[in-house]
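Visitor: Got a structure for you, structure-v2.txt, holding compact mmCIF, C-alpha atoms.
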```
# COMPACT_ATOMS: atom_id res chain seq x y z
CA MET B 1 37.04 -44.10 -21.71
CA ASP B 2 38.63 -42.69 -18.57
CA SER B 3 35.56 -43.39 -16.48
CA LYS B 4 35.71 -47.01 -17.55
CA ILE B 5 38.10 -49.33 -15.88
CA ASN B 6 40.57 -51.21 -18.00
CA ARG B 7 40.42 -54.92 -18.69
CA ARG B 8 42.89 -55.84 -16.01
CA ASP B 9 40.93 -54.05 -13.33
CA PHE B 10 37.80 -55.68 -14.56
CA ILE B 11 39.37 -59.09 -14.42
CA LYS B 12 40.50 -58.43 -10.90
CA ALA B 13 37.09 -57.26 -9.95
CA THR B 14 35.04 -60.05 -11.42
CA THR B 15 37.17 -62.98 -10.52
CA ALA B 16 37.98 -61.96 -7.00
CA THR B 17 34.49 -62.72 -5.82
CA THR B 18 35.72 -65.22 -3.29
CA ALA B 19 38.64 -63.11 -2.19
CA SER B 20 38.33 -60.34 0.34
CA VAL B 21 38.02 -56.68 -0.42
CA ALA B 22 41.55 -56.05 0.76
CA ALA B 23 42.86 -58.70 -1.58
CA LEU B 24 40.97 -56.99 -4.37
CA GLY B 25 42.94 -53.83 -3.83
CA ALA B 26 46.16 -55.74 -3.47
CA GLY B 27 45.92 -56.90 -7.05
CA ILE B 28 45.15 -60.46 -7.97
CA THR B 29 45.46 -61.26 -11.62
CA LEU B 30 43.27 -63.93 -13.00
CA THR B 31 42.59 -64.75 -16.58
CA THR B 32 38.89 -65.19 -17.12
CA TYR B 33 38.44 -62.85 -20.04
CA VAL B 34 41.92 -62.79 -21.47
CA ASN B 35 40.95 -64.86 -24.48
CA ALA B 36 37.55 -63.23 -24.81
CA ASN B 37 36.16 -63.58 -28.30
CA GLU B 38 35.40 -60.17 -29.62
CA ASN B 39 34.44 -61.23 -33.10
CA PRO B 40 31.53 -63.38 -34.24
CA VAL B 41 32.40 -66.95 -35.16
CA THR B 42 32.60 -67.68 -38.87
CA ASN B 43 32.07 -70.59 -41.21
CA GLU B 44 35.79 -70.91 -41.73
CA LYS B 45 35.56 -73.52 -39.02
CA ARG B 46 33.26 -76.46 -38.65
CA TRP B 47 33.47 -78.16 -35.29
CA GLY B 48 33.12 -81.91 -35.22
CA MET B 49 33.81 -85.03 -33.27
CA LEU B 50 34.92 -88.53 -34.14
CA VAL B 51 34.03 -91.47 -31.93
CA ASP B 52 35.96 -94.68 -32.45
CA THR B 53 33.56 -97.33 -31.21
CA ASN B 54 36.18 -100.05 -31.45
CA ARG B 55 38.27 -98.40 -28.80
CA LEU B 56 35.65 -96.70 -26.71
CA THR B 57 34.85 -98.87 -23.70
CA GLU B 58 31.58 -98.89 -21.84
CA SER B 59 33.22 -97.26 -18.87
CA ASP B 60 34.62 -94.57 -21.16
CA ILE B 61 31.06 -93.79 -22.19
CA ASP B 62 29.88 -93.67 -18.60
CA GLY B 63 32.73 -91.29 -17.91
CA MET B 64 31.63 -89.09 -20.80
CA VAL B 65 28.08 -88.93 -19.48
CA THR B 66 29.24 -88.07 -15.98
CA ALA B 67 31.61 -85.42 -17.26
CA CYS B 68 28.81 -83.82 -19.26
CA GLN B 69 26.49 -83.80 -16.26
CA LYS B 70 29.13 -82.27 -14.08
CA GLU B 71 30.12 -79.65 -16.61
CA ASN B 72 26.62 -78.56 -17.53
CA GLY B 73 24.77 -79.27 -14.31
CA TRP B 74 22.05 -81.64 -15.52
CA GLY B 75 20.94 -84.96 -14.08
CA ASN B 76 19.89 -83.86 -10.59
CA GLU B 77 16.30 -83.12 -11.53
CA THR B 78 14.22 -84.48 -8.70
CA HIS B 79 10.67 -84.25 -9.98
CA SER B 80 11.16 -85.46 -13.52
CA THR B 81 10.57 -89.12 -14.17
CA GLY B 82 11.34 -91.54 -17.00
CA ASP B 83 11.24 -89.80 -20.35
CA GLN B 84 11.13 -86.40 -18.69
CA LYS B 85 14.68 -86.67 -17.44
CA ALA B 86 17.32 -84.49 -18.98
CA SER B 87 19.55 -86.39 -21.36
CA TRP B 88 22.23 -84.55 -23.26
CA ILE B 89 24.39 -87.58 -24.01
CA LYS B 90 23.62 -91.25 -23.59
CA LYS B 91 25.04 -94.71 -23.98
CA ILE B 92 23.55 -96.68 -26.85
CA LYS B 93 24.09 -100.35 -27.61
CA VAL B 94 23.74 -101.37 -31.22
CA LYS B 95 23.57 -105.00 -32.24
CA ASP B 96 24.19 -106.35 -35.69
CA THR B 97 21.27 -108.74 -36.15
CA ALA B 98 23.27 -111.08 -38.38
CA THR B 99 26.52 -111.33 -36.47
CA GLN B 100 25.25 -110.44 -32.99
CA ARG B 101 28.16 -108.04 -32.70
CA ILE B 102 27.44 -105.40 -30.09
CA SER B 103 28.92 -101.93 -30.21
CA ASN B 104 28.55 -99.26 -27.58
CA LEU B 105 28.41 -95.70 -28.57
CA ALA B 106 27.88 -92.30 -27.06
CA LEU B 107 25.01 -90.49 -28.71
CA MET B 108 24.37 -86.79 -28.42
CA CYS B 109 23.33 -83.94 -30.69
CA GLN B 110 25.03 -84.72 -34.00
CA HIS B 111 25.39 -81.06 -34.95
CA CYS B 112 23.97 -81.51 -38.43
CA GLU B 113 24.81 -79.21 -41.27
CA GLU B 114 21.12 -79.42 -42.28
CA PRO B 115 19.47 -79.70 -38.88
CA PRO B 116 15.78 -80.73 -38.96
CA CYS B 117 15.31 -79.10 -35.53
CA VAL B 118 16.19 -75.73 -37.05
CA ASP B 119 13.81 -76.26 -39.96
CA VAL B 120 10.80 -76.84 -37.74
CA CYS B 121 11.40 -74.21 -35.06
CA PRO B 122 8.71 -71.53 -35.18
CA THR B 123 10.73 -68.89 -33.32
CA ASN B 124 14.28 -69.29 -34.62
CA ALA B 125 15.32 -70.56 -31.22
CA SER B 126 16.77 -73.71 -32.73
CA MET B 127 19.76 -72.44 -34.57
CA LYS B 128 23.10 -73.35 -36.07
CA ARG B 129 26.06 -71.14 -35.39
CA GLU B 130 28.27 -70.24 -38.32
CA ASP B 131 30.85 -72.70 -37.06
CA GLY B 132 28.40 -75.59 -37.18
CA ILE B 133 27.37 -75.83 -33.51
CA VAL B 134 23.64 -76.44 -33.21
CA LEU B 135 22.05 -74.74 -30.22
CA VAL B 136 18.79 -73.80 -28.60
CA ASP B 137 18.63 -70.06 -28.06
CA LYS B 138 16.63 -70.43 -24.88
CA HIS B 139 15.84 -66.73 -24.92
CA ARG B 140 13.55 -67.44 -27.84
CA CYS B 141 12.41 -70.94 -26.98
CA ILE B 142 8.70 -71.18 -26.25
CA GLY B 143 8.82 -74.84 -25.28
CA CYS B 144 6.75 -76.21 -28.15
CA ARG B 145 9.08 -79.19 -28.56
CA TYR B 146 8.68 -79.52 -32.32
CA CYS B 147 12.46 -79.82 -32.49
CA MET B 148 12.38 -82.84 -30.20
CA MET B 149 9.95 -84.51 -32.58
CA ALA B 150 12.03 -83.60 -35.60
CA CYS B 151 15.36 -84.83 -34.30
CA PRO B 152 16.17 -88.30 -35.70
CA TYR B 153 18.66 -88.87 -32.87
CA ASP B 154 16.36 -88.14 -29.95
CA ALA B 155 19.08 -85.82 -28.77
CA ARG B 156 17.04 -83.12 -27.11
CA SER B 157 15.21 -82.98 -23.82
CA PHE B 158 12.82 -80.62 -22.13
CA VAL B 159 13.11 -79.12 -18.67
CA HIS B 160 10.02 -80.08 -16.72
CA GLU B 161 10.74 -78.49 -13.38
CA GLU B 162 12.09 -75.38 -11.76
CA LEU B 163 15.82 -75.44 -11.21
CA THR B 164 18.21 -73.57 -8.95
CA ASN B 165 21.95 -73.33 -8.53
CA GLN B 166 22.68 -73.73 -12.23
CA LYS B 167 26.19 -73.49 -13.57
CA GLU B 168 27.13 -69.92 -14.31
CA HIS B 169 28.08 -70.77 -17.88
CA MET B 170 25.05 -72.95 -18.54
CA PRO B 171 21.75 -71.31 -17.70
CA ARG B 172 18.89 -73.83 -17.77
CA GLY B 173 15.27 -73.46 -16.80
CA LYS B 174 11.80 -74.88 -16.84
CA GLY B 175 9.85 -74.77 -20.08
CA THR B 176 12.68 -74.79 -22.56
CA VAL B 177 14.42 -77.43 -24.67
CA GLU B 178 18.08 -78.24 -24.24
CA ALA B 179 20.75 -80.47 -25.71
CA CYS B 180 24.48 -80.96 -26.14
CA THR B 181 26.11 -77.63 -27.00
CA LEU B 182 29.46 -79.24 -27.84
CA CYS B 183 30.42 -77.34 -24.69
CA VAL B 184 30.32 -74.14 -26.69
CA HIS B 185 31.43 -72.12 -23.67
CA ARG B 186 34.64 -74.16 -23.54
CA VAL B 187 35.17 -74.33 -27.29
CA ASP B 188 34.96 -70.54 -27.45
CA LYS B 189 37.85 -70.44 -24.98
CA GLY B 190 39.90 -72.85 -27.07
CA GLU B 191 39.17 -75.85 -24.89
CA GLN B 192 37.74 -79.28 -25.69
CA PRO B 193 34.25 -80.42 -24.78
CA ALA B 194 34.09 -81.99 -21.32
CA CYS B 195 33.18 -85.47 -22.61
CA VAL B 196 36.16 -85.52 -24.97
CA GLU B 197 38.48 -84.53 -22.20
CA ALA B 198 37.06 -87.26 -19.96
CA VAL B 199 38.25 -90.04 -22.25
CA ASP B 200 41.95 -90.59 -21.71
CA SER B 201 42.68 -92.23 -25.03
CA ASP B 202 42.04 -90.75 -28.41
CA ALA B 203 38.95 -92.88 -28.89
CA VAL B 204 37.09 -89.59 -29.11
CA ILE B 205 38.63 -86.65 -30.89
CA PHE B 206 37.32 -83.18 -31.37
CA GLY B 207 38.36 -80.44 -33.73
CA ASP B 208 37.80 -78.38 -36.82
CA LEU B 209 36.71 -80.62 -39.68
CA LEU B 210 37.82 -78.03 -42.23
CA ASP B 211 41.33 -77.54 -40.85
CA VAL B 212 43.58 -79.78 -42.94
CA THR B 213 46.19 -79.82 -40.21
CA SER B 214 43.83 -80.94 -37.47
CA ASN B 215 43.92 -84.42 -36.02
CA ILE B 216 40.24 -84.95 -36.74
CA HIS B 217 40.53 -83.90 -40.38
CA GLN B 218 43.50 -86.14 -40.96
CA THR B 219 42.00 -89.10 -39.14
CA LEU B 220 38.75 -88.81 -41.06
CA LYS B 221 40.75 -88.80 -44.27
CA ARG B 222 42.53 -91.98 -43.26
CA VAL B 223 39.97 -94.19 -41.56
CA GLN B 224 36.57 -95.45 -42.57
CA SER B 225 33.84 -93.60 -40.70
CA THR B 226 30.09 -93.20 -40.88
CA GLN B 227 27.39 -90.79 -39.98
CA ILE B 228 24.45 -92.25 -38.12
CA ARG B 229 21.42 -92.24 -40.41
CA ALA B 230 23.59 -91.03 -43.25
CA ASP B 231 20.60 -91.78 -45.48
CA LEU B 232 18.97 -88.59 -44.21
CA ASN B 233 21.72 -86.45 -45.75
CA LEU B 234 22.02 -84.21 -42.74
CA ASN B 235 25.81 -84.17 -42.90
CA THR B 236 26.46 -84.53 -39.20
CA GLY B 237 29.40 -82.99 -37.39
CA VAL B 238 29.68 -86.03 -35.12
CA ARG B 239 31.08 -89.08 -36.90
CA TYR B 240 31.64 -92.68 -35.83
CA SER B 241 34.17 -95.26 -36.84
CA GLY B 242 33.95 -98.99 -36.14
CA ILE B 243 30.24 -99.41 -36.73
CA MET D 1 -9.30 -30.64 0.49
CA ASN D 2 -6.54 -28.62 -1.15
CA ARG D 3 -4.59 -28.59 2.04
CA PHE D 4 -4.89 -32.35 2.20
CA MET D 5 -3.54 -32.66 -1.31
CA VAL D 6 -0.54 -30.52 -0.47
CA LEU D 7 0.14 -32.60 2.59
CA LEU D 8 -0.13 -35.79 0.60
CA LEU D 9 2.09 -34.46 -2.14
CA SER D 10 4.79 -33.32 0.20
CA LEU D 11 4.67 -36.66 1.96
CA MET D 12 5.18 -38.39 -1.36
CA MET D 13 8.03 -36.07 -2.24
CA THR D 14 9.86 -36.76 0.97
CA SER D 15 9.55 -40.46 0.50
CA VAL D 16 11.02 -40.18 -2.99
CA PHE D 17 13.95 -38.15 -1.76
CA ALA D 18 14.40 -40.40 1.21
CA HIS D 19 14.88 -43.22 -1.24
CA ALA D 20 17.33 -41.34 -3.38
CA ASN D 21 19.45 -40.48 -0.39
CA SER D 22 19.36 -43.72 1.53
CA GLU D 23 22.66 -45.54 1.32
CA HIS D 24 21.39 -48.58 -0.54
CA THR D 25 23.96 -51.18 -1.35
CA LEU D 26 25.17 -51.82 -4.89
CA GLY D 27 26.40 -55.31 -4.07
CA THR D 28 29.65 -56.47 -2.51
CA GLN D 29 31.98 -56.11 -5.47
CA ALA D 30 30.45 -52.91 -6.80
CA ASP D 31 30.42 -51.31 -3.35
CA SER D 32 34.08 -51.95 -2.85
CA MET D 33 34.86 -50.52 -6.29
CA LYS D 34 32.82 -47.47 -5.53
CA SER D 35 34.38 -46.91 -2.12
CA SER D 36 37.84 -47.11 -3.64
CA GLY D 37 36.77 -44.32 -5.95
CA LYS D 38 36.36 -46.36 -9.10
CA THR D 39 33.48 -46.33 -11.49
CA TYR D 40 32.62 -49.04 -13.92
CA HIS D 41 29.80 -47.92 -16.14
CA GLN D 42 30.26 -45.15 -18.65
CA SER D 43 27.51 -43.26 -16.92
CA SER D 44 25.08 -44.21 -14.19
CA SER D 45 22.09 -42.69 -15.92
CA MET D 46 22.91 -44.58 -19.09
CA ILE D 47 23.11 -47.96 -17.39
CA ARG D 48 20.00 -47.24 -15.34
CA LYS D 49 17.95 -46.48 -18.42
CA MET D 50 19.48 -48.65 -21.07
CA HIS D 51 20.49 -51.90 -19.36
CA PRO D 52 17.59 -53.95 -20.75
CA GLU D 53 18.49 -53.01 -24.33
CA PHE D 54 22.21 -53.54 -23.75
CA MET D 55 21.63 -56.96 -22.28
CA ASN D 56 19.19 -58.08 -24.93
CA HIS D 57 21.66 -57.12 -27.59
CA LYS D 58 24.46 -58.80 -25.71
CA ARG D 59 22.71 -62.11 -25.31
CA ASP D 60 22.18 -62.46 -29.04
CA LYS D 61 25.79 -61.59 -29.62
CA THR D 62 26.99 -64.19 -27.16
CA LEU D 63 24.63 -67.03 -27.78
CA ARG D 64 24.14 -66.75 -31.52
CA GLN D 65 27.51 -65.37 -32.59
CA GLY D 66 29.93 -66.52 -29.93
CA VAL D 67 31.03 -63.02 -28.88
CA ARG D 68 32.13 -63.39 -25.29
CA THR D 69 33.30 -60.04 -24.01
CA GLU D 70 32.63 -58.82 -20.50
CA GLU D 71 30.57 -55.78 -21.42
CA TYR D 72 26.88 -56.11 -20.48
CA SER D 73 27.35 -59.75 -19.61
CA LEU D 74 24.71 -60.97 -17.19
CA LYS D 75 27.32 -63.05 -15.41
CA GLY D 76 29.14 -59.77 -14.88
CA CYS D 77 26.12 -58.03 -13.33
CA VAL D 78 25.76 -60.92 -10.91
CA SER D 79 29.42 -61.06 -9.95
CA CYS D 80 29.57 -57.35 -9.13
CA HIS D 81 26.07 -56.62 -7.89
CA ALA D 82 25.37 -59.65 -5.69
CA SER D 83 25.72 -59.05 -1.95
CA LYS D 84 27.40 -61.25 0.60
CA LYS D 85 25.36 -62.29 3.59
CA ASP D 86 26.35 -60.66 6.87
CA GLN D 87 27.41 -63.73 8.76
CA SER D 88 28.84 -65.96 6.07
CA ASN D 89 30.65 -66.06 2.80
CA ASP D 90 27.50 -66.99 0.90
CA TYR D 91 25.72 -64.60 -1.36
CA HIS D 92 22.12 -63.51 -1.42
CA ALA D 93 20.42 -64.46 -4.66
CA ILE D 94 20.64 -61.40 -6.89
CA ASP D 95 16.93 -61.56 -7.66
CA ALA D 96 15.88 -61.81 -4.01
CA SER D 97 13.87 -58.89 -2.66
CA GLU D 98 15.81 -56.06 -1.03
CA GLN D 99 18.78 -56.78 -3.28
CA PHE D 100 20.29 -54.30 -5.71
CA CYS D 101 18.37 -55.16 -8.88
CA SER D 102 15.08 -56.01 -7.26
CA THR D 103 14.82 -52.93 -5.02
CA CYS D 104 14.67 -50.80 -8.10
CA HIS D 105 12.57 -53.20 -10.16
CA GLN D 106 9.98 -53.36 -7.42
CA LYS D 107 9.71 -49.60 -7.46
CA VAL D 108 9.12 -49.52 -11.18
CA ALA D 109 6.98 -52.67 -11.18
CA ILE D 110 9.17 -54.73 -13.48
CA SER D 111 9.53 -58.43 -13.06
CA VAL D 112 12.54 -60.03 -14.61
CA ASP D 113 12.49 -63.70 -15.62
CA CYS D 114 16.16 -64.15 -16.41
CA PHE D 115 16.93 -65.96 -13.19
CA GLY D 116 14.74 -68.93 -13.91
CA CYS D 117 17.76 -70.05 -15.92
CA HIS D 118 20.70 -67.83 -15.02
CA ARG D 119 22.64 -68.47 -11.86
CA THR D 120 21.72 -65.95 -9.16
CA THR D 121 25.01 -65.89 -7.28
CA PRO D 122 28.59 -65.54 -8.47
CA ALA D 123 30.11 -68.89 -9.43
CA GLU D 124 32.22 -70.45 -6.73
CA GLY D 125 35.35 -71.69 -8.38
CA ASP D 126 33.33 -73.98 -10.67
CA LYS D 127 34.25 -71.70 -13.60
```
What does the file become when written as structure tokens?
Guide:
Amino acid sequence: MDSKINRRDFIKATTATTASVAALGAGITLTTYVNANENPVTNEKRWGMLVDTNRLTESDIDGMVTACQKENGWGNETHSTGDQKASWIKKIKVKDTATQRISNLALMCQHCEEPPCVDVCPTNASMKREDGIVLVDKHRCIGCRYCMMACPYDARSFVHEELTNQKEHMPRGKGTVEACTLCVHRVDKGEQPACVEAVDSDAVIFGDLLDVTSNIHQTLKRVQSTQIRADLNLNTGVRYSGI
Amino acid sequence: MNRFMVLLLSLMMTSVFAHANSEHTLGTQADSMKSSGKTYHQSSSMIRKMHPEFMNHKRDKTLRQGVRTEEYSLKGCVSCHASKKDQSNDYHAIDASEQFCSTCHQKVAISVDCFGCHRTTPAEGDK
């Protein structure tokens, strides 16, 4: 133990990358790892999101898309065209054929309890964390794209080109599948996903569906909401009201 | 012939020792820790030998289970072992040749594919 530095020294050391060496010695305290999760996540939580399409404006949705791109560093692919482009979250217009009523909604990975992408993955790369977040473990992904075929929401995309200058917290690279991670790197720090934070009303709320005291749990109890393609019985973590 | 072999062998030996002695850089952050007398790893020989296993274990822990501690984090390796360029505040990519990780990997003929996805320089204030 004595040859290891303590947490505080480590924090100083890792976060002072832009500061000078002298400043390093002088003792800057930053908080990167203070809330570090030491224990595996459990199924005592189930993360979810509720999108109120009545209140969510088109510009809100654009803001959500931009926030996601900025947070996770996608959308600047230069060689990918059309369908090849990364798309973690998108704006969808749905029209009721009888009434002509149009609703706009933000569509991303729905974080299913029974995810078809996980069922079809040959390498266990598609996976669901204990707390309900569906991810691609890119370390195991071989790029077969079965999961993209299986997803009823068209929520996943494939990286078609070499990338550089990725975000530190969001490694991405050619030949693997990717999708909304519910901003798992933020959620693990106790923060909200970037898209939720970008909307400055509570038209989109995020939280633990199982926590009876949470806003999302209580709102879902009170208002009428749906799951997209509820007929598939996937029990999605992302819910919508107003459609 | 024998004499030639001896010559060759001793040449090889010197080049090995030359390497071991040469003051190769550990990276900006790690160098400054070392020069202020600090160590970070439990033991140098352990990290030299075992870092692939440690990191493979760590990535499953982080990605699949949400364990986000600093130990054996790849972000950590980059933030300590990347080197600043001489003339500017920018960093060399950690996987570039002549840099800490690659100097050794070249010697042992290992190629590492992590940096097709992982950022190769410490993050600049973008979290």
Visitor: Tell me, counting all atoms listed in the file, for each residue of chain D within 7 Å of chain B, which pair of atoms is nearest and how far apart they are in Å to one decimal, in rows ordered by chain and increasing number, as a Markdown table.
Guide:
```
| residue | atom | partner | partner_atom | distance |
| --- | --- | --- | --- | --- |
| D:Gln29 | CA | B:Ala13 | CA | 6.9 |
| D:Ser32 | CA | B:Val21 | CA | 6.6 |
| D:Thr39 | CA | B:Ser3 | CA | 6.2 |
| D:Tyr40 | CA | B:Lys4 | CA | 5.2 |
| D:His41 | CA | B:Lys4 | CA | 6.1 |
| D:Gln42 | CA | B:Lys4 | CA | 5.9 |
| D:Leu63 | CA | B:Asp137 | CA | 6.7 |
| D:Arg64 | CA | B:Arg129 | CA | 6.2 |
| D:Gln65 | CA | B:Pro40 | CA | 4.8 |
| D:Gly66 | CA | B:Pro40 | CA | 5.6 |
| D:Val67 | CA | B:Asn37 | CA | 5.2 |
| D:Arg68 | CA | B:Asn37 | CA | 5.0 |
| D:Thr69 | CA | B:Ala36 | CA | 5.4 |
| D:Lys75 | CA | B:Glu168 | CA | 7.0 |
| D:Gly76 | CA | B:Thr14 | CA | 6.8 |
| D:Ser79 | CA | B:Thr14 | CA | 5.9 |
| D:Cys80 | CA | B:Thr14 | CA | 6.5 |
| D:Gly116 | CA | B:Gly173 | CA | 5.4 |
| D:Cys117 | CA | B:Gly173 | CA | 4.3 |
| D:His118 | CA | B:Pro171 | CA | 4.5 |
| D:Arg119 | CA | B:Gln166 | CA | 5.3 |
| D:Ala123 | CA | B:Glu168 | CA | 5.8 |
```
Visitor: Take the selection from the previous step and output its residues with C-alpha atoms, as a PDB file, keeping the file's coordinate frame.
Guide:
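The resulting file, again.pdb, is reproduced below:
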```
ATOM      1  CA  GLN D  29      31.980 -56.110  -5.470  1.00  0.00           C
ATOM      2  CA  SER D  32      34.080 -51.950  -2.850  1.00  0.00           C
ATOM      3  CA  THR D  39      33.480 -46.330 -11.490  1.00  0.00           C
ATOM      4  CA  TYR D  40      32.620 -49.040 -13.920  1.00  0.00           C
ATOM      5  CA  HIS D  41      29.800 -47.920 -16.140  1.00  0.00           C
ATOM      6  CA  GLN D  42      30.260 -45.150 -18.650  1.00  0.00           C
ATOM      7  CA  LEU D  63      24.630 -67.030 -27.780  1.00  0.00           C
ATOM      8  CA  ARG D  64      24.140 -66.750 -31.520  1.00  0.00           C
ATOM      9  CA  GLN D  65      27.510 -65.370 -32.590  1.00  0.00           C
ATOM     10  CA  GLY D  66      29.930 -66.520 -29.930  1.00  0.00           C
ATOM     11  CA  VAL D  67      31.030 -63.020 -28.880  1.00  0.00           C
ATOM     12  CA  ARG D  68      32.130 -63.390 -25.290  1.00  0.00           C
ATOM     13  CA  THR D  69      33.300 -60.040 -24.010  1.00  0.00           C
ATOM     14  CA  LYS D  75      27.320 -63.050 -15.410  1.00  0.00           C
ATOM     15  CA  GLY D  76      29.140 -59.770 -14.880  1.00  0.00           C
ATOM     16  CA  SER D  79      29.420 -61.060  -9.950  1.00  0.00           C
ATOM     17  CA  CYS D  80      29.570 -57.350  -9.130  1.00  0.00           C
ATOM     18  CA  GLY D 116      14.740 -68.930 -13.910  1.00  0.00           C
ATOM     19  CA  CYS D 117      17.760 -70.050 -15.920  1.00  0.00           C
ATOM     20  CA  HIS D 118      20.700 -67.830 -15.020  1.00  0.00           C
ATOM     21  CA  ARG D 119      22.640 -68.470 -11.860  1.00  0.00           C
ATOM     22  CA  ALA D 123      30.110 -68.890  -9.430  1.00  0.00           C
TER      23      ALA D 123
END
```
Visitor: Neighbourhood query: residues within 12 Å of (33.3, -88.0, -15.3), file coordinates, counting all atoms listed in the file; return as a PyMOL selection string.
Guide: chain B and resi 59-72+194-200
Visitor: Counting all atoms listed in the file, I want the residues whose atoms come within 6 Å of (30.1, -77.7, -24.0) in the file frame, returned as a list in words.
Guide: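 In the file's frame, the residues around the point are Thr181, Leu182, Cys183, Val184, His185, Arg186 and Pro193 of chain B.
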Visitor: In Å, how far is it from CA of Gly242 (chain B) to CA of Val94 (chain B)?
Guide: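 Value for the CA of Gly242 (chain B)-CA of Val94 (chain B) distance: 11.6 Å.
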Visitor: Counting all atoms listed in the file, which of B:Thr226, B:Asn233, B:Ser87, B:Asn54 gets nearest to Leu107 (chain B)?
Guide: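 Closest to Leu107 (chain B) of all the choices is B:Ser87.
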Visitor: Can you measure CA of Leu210 (chain B) to CA of Glu44 (chain B) for me? One decimal in Å is fine.
Guide: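 That distance, rounded to one decimal, is 7.4 Å.
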Visitor: Near Ala150 (chain B), within 6 Å and counting only C-alpha atoms, which residues show up once chain neighbours fewer than 3 positions away are dropped, as a list in words?
Guide: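 Selected residues are Pro116, Cys117 and Cys147 of chain B.
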